[in-house]
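Note sheet for the following structure.
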Amino acid sequence: MAVIRNHYVGRTFIQPTQSMRDFSVRVKLNPIRSFLKDKRVIILDDSIIRGTTGRSRVKSLREAGVKEIHMLISCPPTRNPCYYGIDFPSGGELIANKKTVDEIRDYLGLDSLYYLSLEGLLEACGGPPDGYCKACFDGIYPVEPDKDFCKLLLGTRNACQSTDKK
Ligand code: SF4
């Protein structure tokens, strides 16, 4: 185990403030320098939301002496907020809403970054493509969110920003 994970820290991206997220990331993952120094590393993750977690993780790996860091994400870029129960931030806070994949790679300090395509994700899921909500990837909401409900649910965040574009 080259990185010891603290299982008492939950999902960092849903924590309400940036300082809480930064603290949790630092406590959550502890790189072991003796295993990592001069190594080439691939990070596998399910998503990049704001990018702050990934950026801190890459920084701590560099500090542990890692030579190359590559990241593979098992879904397409998360470009739109979720109104159906997952506490994503508004579109403006999602890093893939504002930056290209190359810009995200540079922001995170990676040597390379690859996302799974939407087609690849659907193929892996196996069911009919129309049977899944894909709104956070393609911006097509199967049930149009009520704007008043969005504002109530997500407070001062500009919750309906993404659907206003349609
Ligand atoms: S796929 Fe749909 S329900 Fe699932 S997180 Fe994305 S927007 Fe929310």
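Ordering of the structure tokens sets the chain letters (A, B, ...); residue numbers start at 1 within each chain; ligands are numbered from 1 in the order shown.
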Go through the chains and note each residue within 10 Å of ligand 1, using only C-alpha atoms and all ligand atoms, then give the set as a ChimeraX atom specification. /A:78-88,132-143
Restrict the selected residues to N, CA, C and O atoms and save them as a CSV table (one decimal), in the first residue's frame.
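As a result, result-v7.csv now contains:
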```
chain,number,residue,atom,x,y,z
A,78,THR,N,-17.7,15.7,-15.9
A,78,THR,CA,-18.9,16.2,-15.2
A,78,THR,C,-19.1,17.7,-15.4
A,78,THR,O,-18.5,18.5,-14.8
A,79,ARG,N,-20.0,18.0,-16.4
A,79,ARG,CA,-20.1,19.4,-16.8
A,79,ARG,C,-21.4,20.1,-16.3
A,79,ARG,O,-21.5,21.3,-16.4
A,80,ASN,N,-22.3,19.4,-15.7
A,80,ASN,CA,-23.6,20.0,-15.4
A,80,ASN,C,-24.0,19.5,-14.0
A,80,ASN,O,-23.7,18.4,-13.6
A,81,PRO,N,-24.7,20.3,-13.2
A,81,PRO,CA,-25.1,19.9,-11.9
A,81,PRO,C,-26.2,18.9,-11.9
A,81,PRO,O,-26.9,18.7,-12.9
A,82,CYS,N,-26.3,18.1,-10.8
A,82,CYS,CA,-27.4,17.1,-10.6
A,82,CYS,C,-28.5,17.7,-9.8
A,82,CYS,O,-28.2,18.2,-8.7
A,83,TYR,N,-29.7,17.6,-10.2
A,83,TYR,CA,-30.9,18.0,-9.4
A,83,TYR,C,-31.6,16.9,-8.8
A,83,TYR,O,-32.7,17.1,-8.2
A,84,TYR,N,-31.1,15.7,-8.9
A,84,TYR,CA,-31.9,14.5,-8.5
A,84,TYR,C,-31.4,13.9,-7.3
A,84,TYR,O,-31.7,12.7,-7.0
A,85,GLY,N,-30.6,14.5,-6.5
A,85,GLY,CA,-30.2,14.0,-5.2
A,85,GLY,C,-28.7,13.9,-4.9
A,85,GLY,O,-28.3,13.8,-3.8
A,86,ILE,N,-27.9,14.0,-6.0
A,86,ILE,CA,-26.4,14.1,-5.7
A,86,ILE,C,-26.0,15.6,-5.5
A,86,ILE,O,-26.3,16.4,-6.4
A,87,ASP,N,-25.3,15.9,-4.4
A,87,ASP,CA,-25.1,17.3,-4.1
A,87,ASP,C,-23.9,17.8,-4.9
A,87,ASP,O,-22.9,18.1,-4.3
A,88,PHE,N,-24.0,17.9,-6.2
A,88,PHE,CA,-23.0,18.6,-7.0
A,88,PHE,C,-23.2,20.1,-6.8
A,88,PHE,O,-24.2,20.6,-6.6
A,132,TYR,N,-30.8,5.5,-19.1
A,132,TYR,CA,-30.0,6.1,-18.0
A,132,TYR,C,-30.1,7.6,-18.1
A,132,TYR,O,-30.1,8.2,-19.1
A,133,CYS,N,-30.1,8.2,-16.9
A,133,CYS,CA,-29.9,9.7,-16.8
A,133,CYS,C,-28.4,9.9,-17.1
A,133,CYS,O,-27.6,9.2,-16.5
A,134,LYS,N,-28.1,10.9,-18.0
A,134,LYS,CA,-26.7,11.2,-18.3
A,134,LYS,C,-26.5,12.7,-18.2
A,134,LYS,O,-25.6,13.3,-18.8
A,135,ALA,N,-27.4,13.4,-17.5
A,135,ALA,CA,-27.5,14.9,-17.5
A,135,ALA,C,-26.2,15.5,-17.1
A,135,ALA,O,-25.8,16.6,-17.6
A,136,CYS,N,-25.6,15.0,-16.1
A,136,CYS,CA,-24.4,15.7,-15.6
A,136,CYS,C,-23.2,15.6,-16.6
A,136,CYS,O,-22.3,16.4,-16.6
A,137,PHE,N,-23.4,14.7,-17.6
A,137,PHE,CA,-22.4,14.6,-18.7
A,137,PHE,C,-22.9,15.4,-20.0
A,137,PHE,O,-22.1,16.1,-20.6
A,138,ASP,N,-24.1,15.2,-20.4
A,138,ASP,CA,-24.5,15.7,-21.6
A,138,ASP,C,-25.5,16.9,-21.5
A,138,ASP,O,-25.9,17.5,-22.5
A,139,GLY,N,-26.0,17.2,-20.3
A,139,GLY,CA,-26.8,18.4,-20.1
A,139,GLY,C,-28.3,18.2,-20.5
A,139,GLY,O,-29.1,19.1,-20.5
A,140,ILE,N,-28.6,16.9,-20.8
A,140,ILE,CA,-30.0,16.6,-21.2
A,140,ILE,C,-30.7,16.0,-20.0
A,140,ILE,O,-30.4,14.9,-19.6
A,141,TYR,N,-31.6,16.8,-19.3
A,141,TYR,CA,-32.3,16.4,-18.1
A,141,TYR,C,-33.5,15.6,-18.5
A,141,TYR,O,-34.4,16.2,-19.1
A,142,PRO,N,-33.7,14.3,-18.1
A,142,PRO,CA,-34.9,13.6,-18.4
A,142,PRO,C,-36.1,14.2,-17.8
A,142,PRO,O,-37.2,14.0,-18.4
A,143,VAL,N,-36.0,14.8,-16.7
A,143,VAL,CA,-37.1,15.5,-16.1
A,143,VAL,C,-36.6,17.0,-15.8
A,143,VAL,O,-35.7,17.2,-15.1
```
Nearest to Ile42 (chain A), chosen from A:Val58, A:Val25, A:Ala64, A:Ile4, with only C-alpha atoms counted in the distances: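 The answer is A:Val58, which sits nearest to Ile42 (chain A).
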I'd like the neighbourhood of region 122-124 of chain A as a VMD selection string, where a residue qualifies if any of its atoms comes within 12 Å (using only C-alpha atoms), though same-chain residues fewer than 4 positions away should be ignored. chain A and resid 74 to 76 116 to 118 128 to 134 137
Expected answer as number ranges by chain: alpha helix (DSSP H) residues in region 40-132 of chain A: A: 52-63, 95-98, 101-108, 118-125
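In this structure, CA of Glu68 (chain A) sits 4.6 Å away from CA of Arg40 (chain A).
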Hey, can you check how far CA of Asp46 (chain A) sits from CA of Ile32 (chain A)?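 Separation of CA of Asp46 (chain A) and CA of Ile32 (chain A): 22.8 Å.
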What is the distance, in Å and to one decimal place, between CA of Asn30 (chain A) and CA of Val3 (chain A)?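 Value for the CA of Asn30 (chain A)-CA of Val3 (chain A) distance: 5.3 Å.
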Determine, counting only C-alpha atoms, which protein, DNA and RNA residues have an atom within 12 Å of an atom of Tyr115 (chain A); residues of the same chain fewer than 5 positions away are not included. Present the result as a ChimeraX atom specification. /A:43-48,70-78,96,100-102,104-105,120-121,137
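Closest approach to Gly92 (chain A) from the set A:Tyr114, A:Arg5, A:Ile49, A:Met20 is made by A:Ile49, with distances taken over only C-alpha atoms.
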Which residue of A:Asn6, A:Glu63, A:Ser19, A:Ser56 approaches Ser34 (chain A) most closely, using only C-alpha atoms: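 Going through A:Asn6, A:Glu63, A:Ser19, A:Ser56 one by one, the smallest distance to Ser34 (chain A) is for A:Glu63.
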Name the residues of region 3-105 of chain A that come out as strand (DSSP E) in a backbone DSSP run; write them as a list of chain:residue names.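 So the strand (DSSP E) residues in region 3-105 of chain A would be A:Val3, A:Ile4, A:Arg5, A:Leu29, A:Asn30, A:Pro31, A:Arg40, A:Val41, A:Ile42, A:Ile43, A:Leu44, A:Asp45, A:Glu68, A:Ile69, A:His70, A:Met71, A:Leu72, A:Ile73.
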